[in-house]
Number of protein chains: 2
Amino acid sequence: MTASGETEALAEVSLLDRLRLAIVHGELTPGQRLVEADLAMRFNGSRGAVREALVLLENEGLIARQRNRGASVRPVSLDEAIEITEVRAVLEGLCAAKAATGGTAADRRKLKSIATAMQKAVKQNDVLAYSSTSQEAHLYIRGMAKQQTASIVLDRLRYQSVRYQFSVAMLPARPAQGLKEHLAIIDAVTSRSADDAEQTMRAHLTSVIGALQQLAAMGVFGAYVPPARP
Amino acid sequence: MTASGETEALAEVSLLDRLRLAIVHGELTPGQRLVEADLAMRFNGSRGAVREALVLLENEGLIARQRNRGASVRPVSLDEAIEITEVRAVLEGLCAAKAATGGTAADRRKLKSIATAMQKAVKQNDVLAYSSTSQEAHLYIRGMAKQQTASIVLDRLRYQSVRYQFSVAMLPARPAQGLKEHLAIIDAVTSRSADDAEQTMRAHLTSVIGALQQLAAMGVFGAYVPPARP
DNA sequence: GTCAATAAGATTGCTAACAATGTGGGCGGT
DNA sequence: ACCGCCCACATTGTTAGCAATCTTATTGAC
């Protein structure tokens with residue numbers, strides 16, 4: 001019954017998700033102040049709803065809040081991204097191991113089909129398709145693992161490091177290297193070898209850490225951080 | 001400047017922490033409804049502050065909230081406790097490995113002193129002292145690891161399973177078994193062997209999972225879950 | 001007696017106004 | 001010109017009241 005009636009019908013994504021997306025997509029740049037009233041206007045929700053979202057985003061580490069001073073987008077340092085990837089390594093390792101022993105035959109077939117799709121994407125130099133299929137593989141393995149706790153933690157961690165993940169995929173030699181690693185993981189999981197699955201998954205993410213450090217050495221990370229004050 | 005002026009001075013712990021403690025300590029039993037107005041009275045804060053705390057506690061998994069229906073204390077199932085321990089295993093394994101390579105000589109001395117204190121506690125059958133020194137060991141290793149991300153995640157997970165942790169410590173053979181495992185961990189960390197540290201830490205928590213299942217088989221967990229309706 | 005419709009009650013979520021608090025800019029002193 | 005103080009401003013945190021929504025108990029039909 002509000003007056004706007006525009007974003008009304010498709011408002012099935014929560015204000016939290018939309019706000020998080022705005023941050024992750026860089027529409028709200030690191031350091032930028034987040035004024036509750038403004039956000040309430042922009043996403044047309046109540047100020048209370050905005051506060052709720054801000055509380056959760058602070059908890060996720062995407063923004064910083066100070067009492068009586070408000071919230072601002074928090075830049076995620078490279079060190080933090082590396083830490084996050086280390087944590088991802090052990091958690092996804094756990095999931096891979098459980099996926100190897102727990103999945104069904106249908107799961108393993110599906111996983112193999114993802115593998116061929118990924119190979120095809122790399123052969124065609126389609127970075128976007130590679131990126132999406134590789135993500136699909138990770139997610140599918142997670143699903144096979146039936147480990148909700150790990151899954152929830154991984155979801156929460158993802159948002160903090162998306163920006164970096166994107167950069168990593170852009171490194172020239174990455175798709176080829178990543179493909180090799182992903183195929184090894186899928187092989188291990190479909191062979192139902194828990195130890196192998198864990199090891200290859202961890203090796204993969206260790207290699208991602210290497211790529212992150214490489215990017216850091218190239219000085220890529222000063223690029224997107226404008227102090228930004230209008 | 002409120003009228004009460006009683007819990008005023010020592011209100012250095014946040015409403016969130018106090019509310020969480022009330023849940024974890026069982027003052028608010030699983031299934032019990034949490035009415036915002038009542039909680040605001042009880043902890044004398046504003047309703048907004050209570051809402052903020054509830055949002056975070058829902059995020060931590062300690063309570064469940066439904067739109068327009070309010071919040072209630074969420075019972076944590078045994079399966080969930082096992083999942084949480086699996087996640088703890090890999091995360092604390094990571095921390096142990098990093099502690100082994102990253103700690104200082106002083107850190108290692110301190111860790112050894114914790115080990116002797118723990119041995120003494122077990123020798124004297126002091127379950128409480130054993131429990132607290134073992135927790136100290138875990139925390140100290142975490143601190144040595146300098147892995148904030150893992151540490152934060154572990155903190156968040158702890159509250160969900162405290163109740164079970166307590167039960168585990170009460171199993172008769174546990175202190176002896178746990179002591180052995182803890183000493184092995186500390187040995188590995190102080191020998192600066194990352195792999196050993198990770199393995200022994202994971203073995204320890206795997207053994208905790210075993211104890212949890214043992215407790216489940218004994219039917220311990222029906223005990224504290226009264227449907228509770230006045 | 002059982003079931004459905006309905007009304008009453010309780011609780012959340014929202015709105016609007018206000019109080020508390022931190023920020024920045026102007027003003028005067030040196 | 002530079003420094004510190006003070007005040008106006010912007011923003012958050014709180015309060016009170018209301019509307020929306022869910023739950024429960026009651027009533028009435030079959």
# chains A, B, ... in the order shown; residues from 1 in each chain; ligands from 1
>>> interface_residues(of="chain B", to="chain D", cutoff="8 Å", atoms="only C-alpha atoms (C1' of nucleotides)", output="list in words")
Ser46, Gly48, Asn68 and Arg69 of chain B
>>> closest_atom_pairs(of="chain B", to="chain A", cutoff="7 Å", atoms="only C-alpha atoms", output="JSON lines")
{"residue": "B:Glu52", "atom": "CA", "partner": "A:Glu52", "partner_atom": "CA", "distance": 6.7}
{"residue": "B:Leu56", "atom": "CA", "partner": "A:Leu56", "partner_atom": "CA", "distance": 6.9}
{"residue": "B:Glu83", "atom": "CA", "partner": "A:Thr149", "partner_atom": "CA", "distance": 6.2}
{"residue": "B:Ile84", "atom": "CA", "partner": "A:Thr149", "partner_atom": "CA", "distance": 6.3}
{"residue": "B:Val87", "atom": "CA", "partner": "A:Ala150", "partner_atom": "CA", "distance": 6.2}
{"residue": "B:Val90", "atom": "CA", "partner": "A:Val90", "partner_atom": "CA", "distance": 5.8}
{"residue": "B:Leu91", "atom": "CA", "partner": "A:Val90", "partner_atom": "CA", "distance": 6.8}
{"residue": "B:Gln147", "atom": "CA", "partner": "A:Glu83", "partner_atom": "CA", "distance": 6.6}
{"residue": "B:Thr149", "atom": "CA", "partner": "A:Glu83", "partner_atom": "CA", "distance": 6.2}
{"residue": "B:Ala150", "atom": "CA", "partner": "A:Val87", "partner_atom": "CA", "distance": 6.2}
>>> write_last_selection(atoms="C-alpha atoms", output="compact mmCIF listing (two decimals), in the first residue's frame")
# COMPACT_ATOMS: atom_id res chain seq x y z
CA GLU B 52 19.42 -6.02 17.23
CA LEU B 56 22.45 -11.53 15.64
CA GLU B 83 28.50 -31.12 12.24
CA ILE B 84 29.80 -28.24 14.28
CA VAL B 87 33.91 -27.96 11.23
CA VAL B 90 39.33 -28.69 10.37
CA LEU B 91 39.45 -25.08 11.58
CA GLN B 147 44.26 -16.48 11.93
CA THR B 149 39.02 -15.37 10.30
CA ALA B 150 39.20 -18.89 11.67
>>> closest_atom_pairs(of="chain C", to="chain B", cutoff="10 Å", atoms="only C-alpha atoms (C1' of nucleotides)", output="Markdown table")
| residue | atom | partner | partner_atom | distance |
| --- | --- | --- | --- | --- |
| C:DT11 | C1' | B:Arg69 | CA | 7.0 |
| C:DT12 | C1' | B:Asn68 | CA | 4.7 |
| C:DG13 | C1' | B:Asn68 | CA | 7.4 |
>>> select_by_dssp(residues="region 19-71 of chain B", states="strand (DSSP E or B)", output="count of residues only")
8
>>> decode(residues="region 3-27 of chain D", atoms="N, CA and C atoms (P, O5', C5', C4', C3', O3' and C1' of nucleotides)", output="PDB file, in the first residue's frame")
ATOM      1  P    DC D   3      49.034  25.654  14.383  1.00  0.00           P
ATOM      2  O5'  DC D   3      48.256  25.656  15.758  1.00  0.00           O
ATOM      3  C5'  DC D   3      48.732  26.476  16.836  1.00  0.00           C
ATOM      4  C4'  DC D   3      47.580  26.800  17.757  1.00  0.00           C
ATOM      5  C3'  DC D   3      46.662  25.620  18.044  1.00  0.00           C
ATOM      6  O3'  DC D   3      46.801  25.231  19.403  1.00  0.00           O
ATOM      7  C1'  DC D   3      45.425  27.625  17.586  1.00  0.00           C
ATOM      8  P    DG D   4      46.017  23.900  19.904  1.00  0.00           P
ATOM      9  O5'  DG D   4      44.723  24.504  20.596  1.00  0.00           O
ATOM     10  C5'  DG D   4      44.882  25.464  21.643  1.00  0.00           C
ATOM     11  C4'  DG D   4      43.556  26.119  21.938  1.00  0.00           C
ATOM     12  C3'  DG D   4      42.442  25.163  22.394  1.00  0.00           C
ATOM     13  O3'  DG D   4      41.737  25.760  23.463  1.00  0.00           O
ATOM     14  C1'  DG D   4      41.702  26.405  20.531  1.00  0.00           C
ATOM     15  P    DC D   5      40.768  24.885  24.386  1.00  0.00           P
ATOM     16  O5'  DC D   5      39.353  25.604  24.218  1.00  0.00           O
ATOM     17  C5'  DC D   5      39.270  27.018  24.415  1.00  0.00           C
ATOM     18  C4'  DC D   5      37.993  27.539  23.792  1.00  0.00           C
ATOM     19  C3'  DC D   5      36.724  26.772  24.184  1.00  0.00           C
ATOM     20  O3'  DC D   5      35.742  27.715  24.599  1.00  0.00           O
ATOM     21  C1'  DC D   5      36.851  26.984  21.828  1.00  0.00           C
ATOM     22  P    DC D   6      34.468  27.279  25.447  1.00  0.00           P
ATOM     23  O5'  DC D   6      33.279  27.558  24.430  1.00  0.00           O
ATOM     24  C5'  DC D   6      33.301  28.769  23.664  1.00  0.00           C
ATOM     25  C4'  DC D   6      32.327  28.660  22.510  1.00  0.00           C
ATOM     26  C3'  DC D   6      31.041  27.890  22.838  1.00  0.00           C
ATOM     27  O3'  DC D   6      29.943  28.609  22.311  1.00  0.00           O
ATOM     28  C1'  DC D   6      32.052  26.973  20.931  1.00  0.00           C
ATOM     29  P    DC D   7      28.463  28.363  22.861  1.00  0.00           P
ATOM     30  O5'  DC D   7      27.610  28.444  21.517  1.00  0.00           O
ATOM     31  C5'  DC D   7      28.065  29.253  20.431  1.00  0.00           C
ATOM     32  C4'  DC D   7      27.691  28.592  19.104  1.00  0.00           C
ATOM     33  C3'  DC D   7      26.330  27.894  19.127  1.00  0.00           C
ATOM     34  O3'  DC D   7      25.646  28.158  17.920  1.00  0.00           O
ATOM     35  C1'  DC D   7      27.971  26.388  18.415  1.00  0.00           C
ATOM     36  P    DA D   8      24.039  28.069  17.851  1.00  0.00           P
ATOM     37  O5'  DA D   8      23.702  27.735  16.326  1.00  0.00           O
ATOM     38  C5'  DA D   8      24.561  28.200  15.284  1.00  0.00           C
ATOM     39  C4'  DA D   8      24.734  27.100  14.244  1.00  0.00           C
ATOM     40  C3'  DA D   8      23.446  26.358  13.888  1.00  0.00           C
ATOM     41  O3'  DA D   8      23.387  26.193  12.482  1.00  0.00           O
ATOM     42  C1'  DA D   8      25.070  24.808  14.615  1.00  0.00           C
ATOM     43  P    DC D   9      22.188  25.459  11.760  1.00  0.00           P
ATOM     44  O5'  DC D   9      22.774  24.018  11.372  1.00  0.00           O
ATOM     45  C5'  DC D   9      24.045  23.938  10.730  1.00  0.00           C
ATOM     46  C4'  DC D   9      24.437  22.477  10.544  1.00  0.00           C
ATOM     47  C3'  DC D   9      23.289  21.557  10.104  1.00  0.00           C
ATOM     48  O3'  DC D   9      23.728  20.774   9.006  1.00  0.00           O
ATOM     49  C1'  DC D   9      24.407  20.656  11.989  1.00  0.00           C
ATOM     50  P    DA D  10      22.610  20.010   8.120  1.00  0.00           P
ATOM     51  O5'  DA D  10      23.126  18.516   8.248  1.00  0.00           O
ATOM     52  C5'  DA D  10      24.539  18.256   8.143  1.00  0.00           C
ATOM     53  C4'  DA D  10      24.837  16.895   8.748  1.00  0.00           C
ATOM     54  C3'  DA D  10      23.864  15.791   8.335  1.00  0.00           C
ATOM     55  O3'  DA D  10      24.607  14.647   7.995  1.00  0.00           O
ATOM     56  C1'  DA D  10      23.993  15.910  10.692  1.00  0.00           C
ATOM     57  P    DT D  11      23.907  13.381   7.249  1.00  0.00           P
ATOM     58  O5'  DT D  11      23.769  12.325   8.423  1.00  0.00           O
ATOM     59  C5'  DT D  11      24.939  11.904   9.115  1.00  0.00           C
ATOM     60  C4'  DT D  11      24.541  11.122  10.331  1.00  0.00           C
ATOM     61  C3'  DT D  11      23.414  10.110  10.098  1.00  0.00           C
ATOM     62  O3'  DT D  11      23.945   8.810  10.241  1.00  0.00           O
ATOM     63  C1'  DT D  11      23.142  11.292  12.142  1.00  0.00           C
ATOM     64  P    DT D  12      22.961   7.507  10.199  1.00  0.00           P
ATOM     65  O5'  DT D  12      22.927   7.055  11.721  1.00  0.00           O
ATOM     66  C5'  DT D  12      24.162   6.886  12.397  1.00  0.00           C
ATOM     67  C4'  DT D  12      23.959   6.928  13.898  1.00  0.00           C
ATOM     68  C3'  DT D  12      23.165   5.752  14.454  1.00  0.00           C
ATOM     69  O3'  DT D  12      23.832   5.262  15.605  1.00  0.00           O
ATOM     70  C1'  DT D  12      22.174   7.785  15.147  1.00  0.00           C
ATOM     71  P    DG D  13      23.429   3.813  16.184  1.00  0.00           P
ATOM     72  O5'  DG D  13      22.404   4.175  17.344  1.00  0.00           O
ATOM     73  C5'  DG D  13      22.919   4.682  18.573  1.00  0.00           C
ATOM     74  C4'  DG D  13      21.781   4.990  19.519  1.00  0.00           C
ATOM     75  C3'  DG D  13      20.858   3.809  19.822  1.00  0.00           C
ATOM     76  O3'  DG D  13      20.624   3.775  21.231  1.00  0.00           O
ATOM     77  C1'  DG D  13      19.592   5.652  19.033  1.00  0.00           C
ATOM     78  P    DT D  14      19.649   2.683  21.855  1.00  0.00           P
ATOM     79  O5'  DT D  14      18.333   3.521  22.178  1.00  0.00           O
ATOM     80  C5'  DT D  14      18.473   4.760  22.887  1.00  0.00           C
ATOM     81  C4'  DT D  14      17.119   5.401  23.086  1.00  0.00           C
ATOM     82  C3'  DT D  14      16.000   4.439  23.531  1.00  0.00           C
ATOM     83  O3'  DT D  14      15.401   4.995  24.687  1.00  0.00           O
ATOM     84  C1'  DT D  14      15.300   5.743  21.672  1.00  0.00           C
ATOM     85  P    DT D  15      14.375   4.062  25.496  1.00  0.00           P
ATOM     86  O5'  DT D  15      12.973   4.774  25.255  1.00  0.00           O
ATOM     87  C5'  DT D  15      12.901   6.213  25.217  1.00  0.00           C
ATOM     88  C4'  DT D  15      11.580   6.646  24.619  1.00  0.00           C
ATOM     89  C3'  DT D  15      10.405   5.727  24.958  1.00  0.00           C
ATOM     90  O3'  DT D  15       9.436   6.464  25.697  1.00  0.00           O
ATOM     91  C1'  DT D  15      10.457   6.279  22.629  1.00  0.00           C
ATOM     92  P    DA D  16       8.258   5.764  26.466  1.00  0.00           P
ATOM     93  O5'  DA D  16       7.050   6.058  25.475  1.00  0.00           O
ATOM     94  C5'  DA D  16       6.910   7.357  24.926  1.00  0.00           C
ATOM     95  C4'  DA D  16       5.864   7.358  23.841  1.00  0.00           C
ATOM     96  C3'  DA D  16       4.665   6.442  24.122  1.00  0.00           C
ATOM     97  O3'  DA D  16       3.479   7.148  23.815  1.00  0.00           O
ATOM     98  C1'  DA D  16       5.608   5.921  22.014  1.00  0.00           C
ATOM     99  P    DG D  17       2.056   6.558  24.160  1.00  0.00           P
ATOM    100  O5'  DG D  17       1.447   6.293  22.706  1.00  0.00           O
ATOM    101  C5'  DG D  17       1.478   7.343  21.754  1.00  0.00           C
ATOM    102  C4'  DG D  17       1.223   6.786  20.372  1.00  0.00           C
ATOM    103  C3'  DG D  17      -0.004   5.866  20.273  1.00  0.00           C
ATOM    104  O3'  DG D  17      -0.715   6.215  19.103  1.00  0.00           O
ATOM    105  C1'  DG D  17       1.860   4.793  19.372  1.00  0.00           C
ATOM    106  P    DC D  18      -2.282   5.819  18.969  1.00  0.00           P
ATOM    107  O5'  DC D  18      -2.327   5.112  17.545  1.00  0.00           O
ATOM    108  C5'  DC D  18      -1.651   5.723  16.438  1.00  0.00           C
ATOM    109  C4'  DC D  18      -1.244   4.673  15.428  1.00  0.00           C
ATOM    110  C3'  DC D  18      -2.352   3.662  15.094  1.00  0.00           C
ATOM    111  O3'  DC D  18      -2.491   3.579  13.693  1.00  0.00           O
ATOM    112  C1'  DC D  18      -0.342   2.554  15.541  1.00  0.00           C
ATOM    113  P    DA D  19      -3.874   3.067  13.097  1.00  0.00           P
ATOM    114  O5'  DA D  19      -3.398   2.076  11.944  1.00  0.00           O
ATOM    115  C5'  DA D  19      -2.253   2.419  11.152  1.00  0.00           C
ATOM    116  C4'  DA D  19      -1.603   1.155  10.617  1.00  0.00           C
ATOM    117  C3'  DA D  19      -2.583   0.104  10.106  1.00  0.00           C
ATOM    118  O3'  DA D  19      -2.056  -0.456   8.917  1.00  0.00           O
ATOM    119  C1'  DA D  19      -1.253  -0.843  11.792  1.00  0.00           C
ATOM    120  P    DA D  20      -2.917  -1.465   8.049  1.00  0.00           P
ATOM    121  O5'  DA D  20      -2.076  -2.815   8.180  1.00  0.00           O
ATOM    122  C5'  DA D  20      -0.679  -2.773   7.931  1.00  0.00           C
ATOM    123  C4'  DA D  20      -0.067  -4.114   8.265  1.00  0.00           C
ATOM    124  C3'  DA D  20      -0.855  -5.328   7.764  1.00  0.00           C
ATOM    125  O3'  DA D  20       0.055  -6.236   7.198  1.00  0.00           O
ATOM    126  C1'  DA D  20      -0.530  -5.501  10.102  1.00  0.00           C
ATOM    127  P    DT D  21      -0.462  -7.597   6.466  1.00  0.00           P
ATOM    128  O5'  DT D  21      -0.225  -8.709   7.564  1.00  0.00           O
ATOM    129  C5'  DT D  21       1.044  -8.797   8.198  1.00  0.00           C
ATOM    130  C4'  DT D  21       0.976  -9.760   9.361  1.00  0.00           C
ATOM    131  C3'  DT D  21       0.178 -11.036   9.046  1.00  0.00           C
ATOM    132  O3'  DT D  21       1.025 -12.136   9.251  1.00  0.00           O
ATOM    133  C1'  DT D  21      -0.400 -10.143  11.165  1.00  0.00           C
ATOM    134  P    DC D  22       0.613 -13.598   8.674  1.00  0.00           P
ATOM    135  O5'  DC D  22       0.582 -14.464  10.010  1.00  0.00           O
ATOM    136  C5'  DC D  22       1.695 -14.382  10.890  1.00  0.00           C
ATOM    137  C4'  DC D  22       1.269 -14.745  12.298  1.00  0.00           C
ATOM    138  C3'  DC D  22       0.526 -16.085  12.386  1.00  0.00           C
ATOM    139  O3'  DC D  22       1.187 -16.929  13.318  1.00  0.00           O
ATOM    140  C1'  DC D  22      -0.634 -14.374  13.577  1.00  0.00           C
ATOM    141  P    DT D  23       0.548 -18.424  13.595  1.00  0.00           P
ATOM    142  O5'  DT D  23      -0.280 -18.183  14.927  1.00  0.00           O
ATOM    143  C5'  DT D  23       0.365 -17.496  16.016  1.00  0.00           C
ATOM    144  C4'  DT D  23      -0.476 -17.580  17.273  1.00  0.00           C
ATOM    145  C3'  DT D  23      -1.132 -18.936  17.514  1.00  0.00           C
ATOM    146  O3'  DT D  23      -0.988 -19.265  18.892  1.00  0.00           O
ATOM    147  C1'  DT D  23      -2.796 -17.230  17.411  1.00  0.00           C
ATOM    148  P    DT D  24      -1.495 -20.720  19.381  1.00  0.00           P
ATOM    149  O5'  DT D  24      -2.829 -20.348  20.183  1.00  0.00           O
ATOM    150  C5'  DT D  24      -2.858 -19.159  20.984  1.00  0.00           C
ATOM    151  C4'  DT D  24      -4.272 -18.852  21.434  1.00  0.00           C
ATOM    152  C3'  DT D  24      -5.115 -20.090  21.762  1.00  0.00           C
ATOM    153  O3'  DT D  24      -5.733 -19.897  23.034  1.00  0.00           O
ATOM    154  C1'  DT D  24      -6.282 -18.701  20.241  1.00  0.00           C
ATOM    155  P    DA D  25      -6.505 -21.112  23.725  1.00  0.00           P
ATOM    156  O5'  DA D  25      -7.986 -20.512  23.835  1.00  0.00           O
ATOM    157  C5'  DA D  25      -8.137 -19.152  24.249  1.00  0.00           C
ATOM    158  C4'  DA D  25      -9.534 -18.667  23.935  1.00  0.00           C
ATOM    159  C3'  DA D  25     -10.646 -19.652  24.319  1.00  0.00           C
ATOM    160  O3'  DA D  25     -11.727 -18.930  24.875  1.00  0.00           O
ATOM    161  C1'  DA D  25     -10.773 -19.177  22.011  1.00  0.00           C
ATOM    162  P    DT D  26     -12.967 -19.714  25.559  1.00  0.00           P
ATOM    163  O5'  DT D  26     -14.234 -19.148  24.771  1.00  0.00           O
ATOM    164  C5'  DT D  26     -14.161 -17.818  24.210  1.00  0.00           C
ATOM    165  C4'  DT D  26     -15.176 -17.705  23.094  1.00  0.00           C
ATOM    166  C3'  DT D  26     -16.461 -18.530  23.319  1.00  0.00           C
ATOM    167  O3'  DT D  26     -17.584 -17.681  23.199  1.00  0.00           O
ATOM    168  C1'  DT D  26     -15.581 -18.898  21.152  1.00  0.00           C
ATOM    169  P    DT D  27     -19.023 -18.199  23.650  1.00  0.00           P
ATOM    170  O5'  DT D  27     -19.837 -18.195  22.279  1.00  0.00           O
ATOM    171  C5'  DT D  27     -19.628 -17.132  21.334  1.00  0.00           C
ATOM    172  C4'  DT D  27     -20.033 -17.601  19.955  1.00  0.00           C
ATOM    173  C3'  DT D  27     -21.352 -18.375  19.923  1.00  0.00           C
ATOM    174  O3'  DT D  27     -22.273 -17.702  19.078  1.00  0.00           O
ATOM    175  C1'  DT D  27     -19.659 -19.497  18.683  1.00  0.00           C
TER     176       DT D  27
END
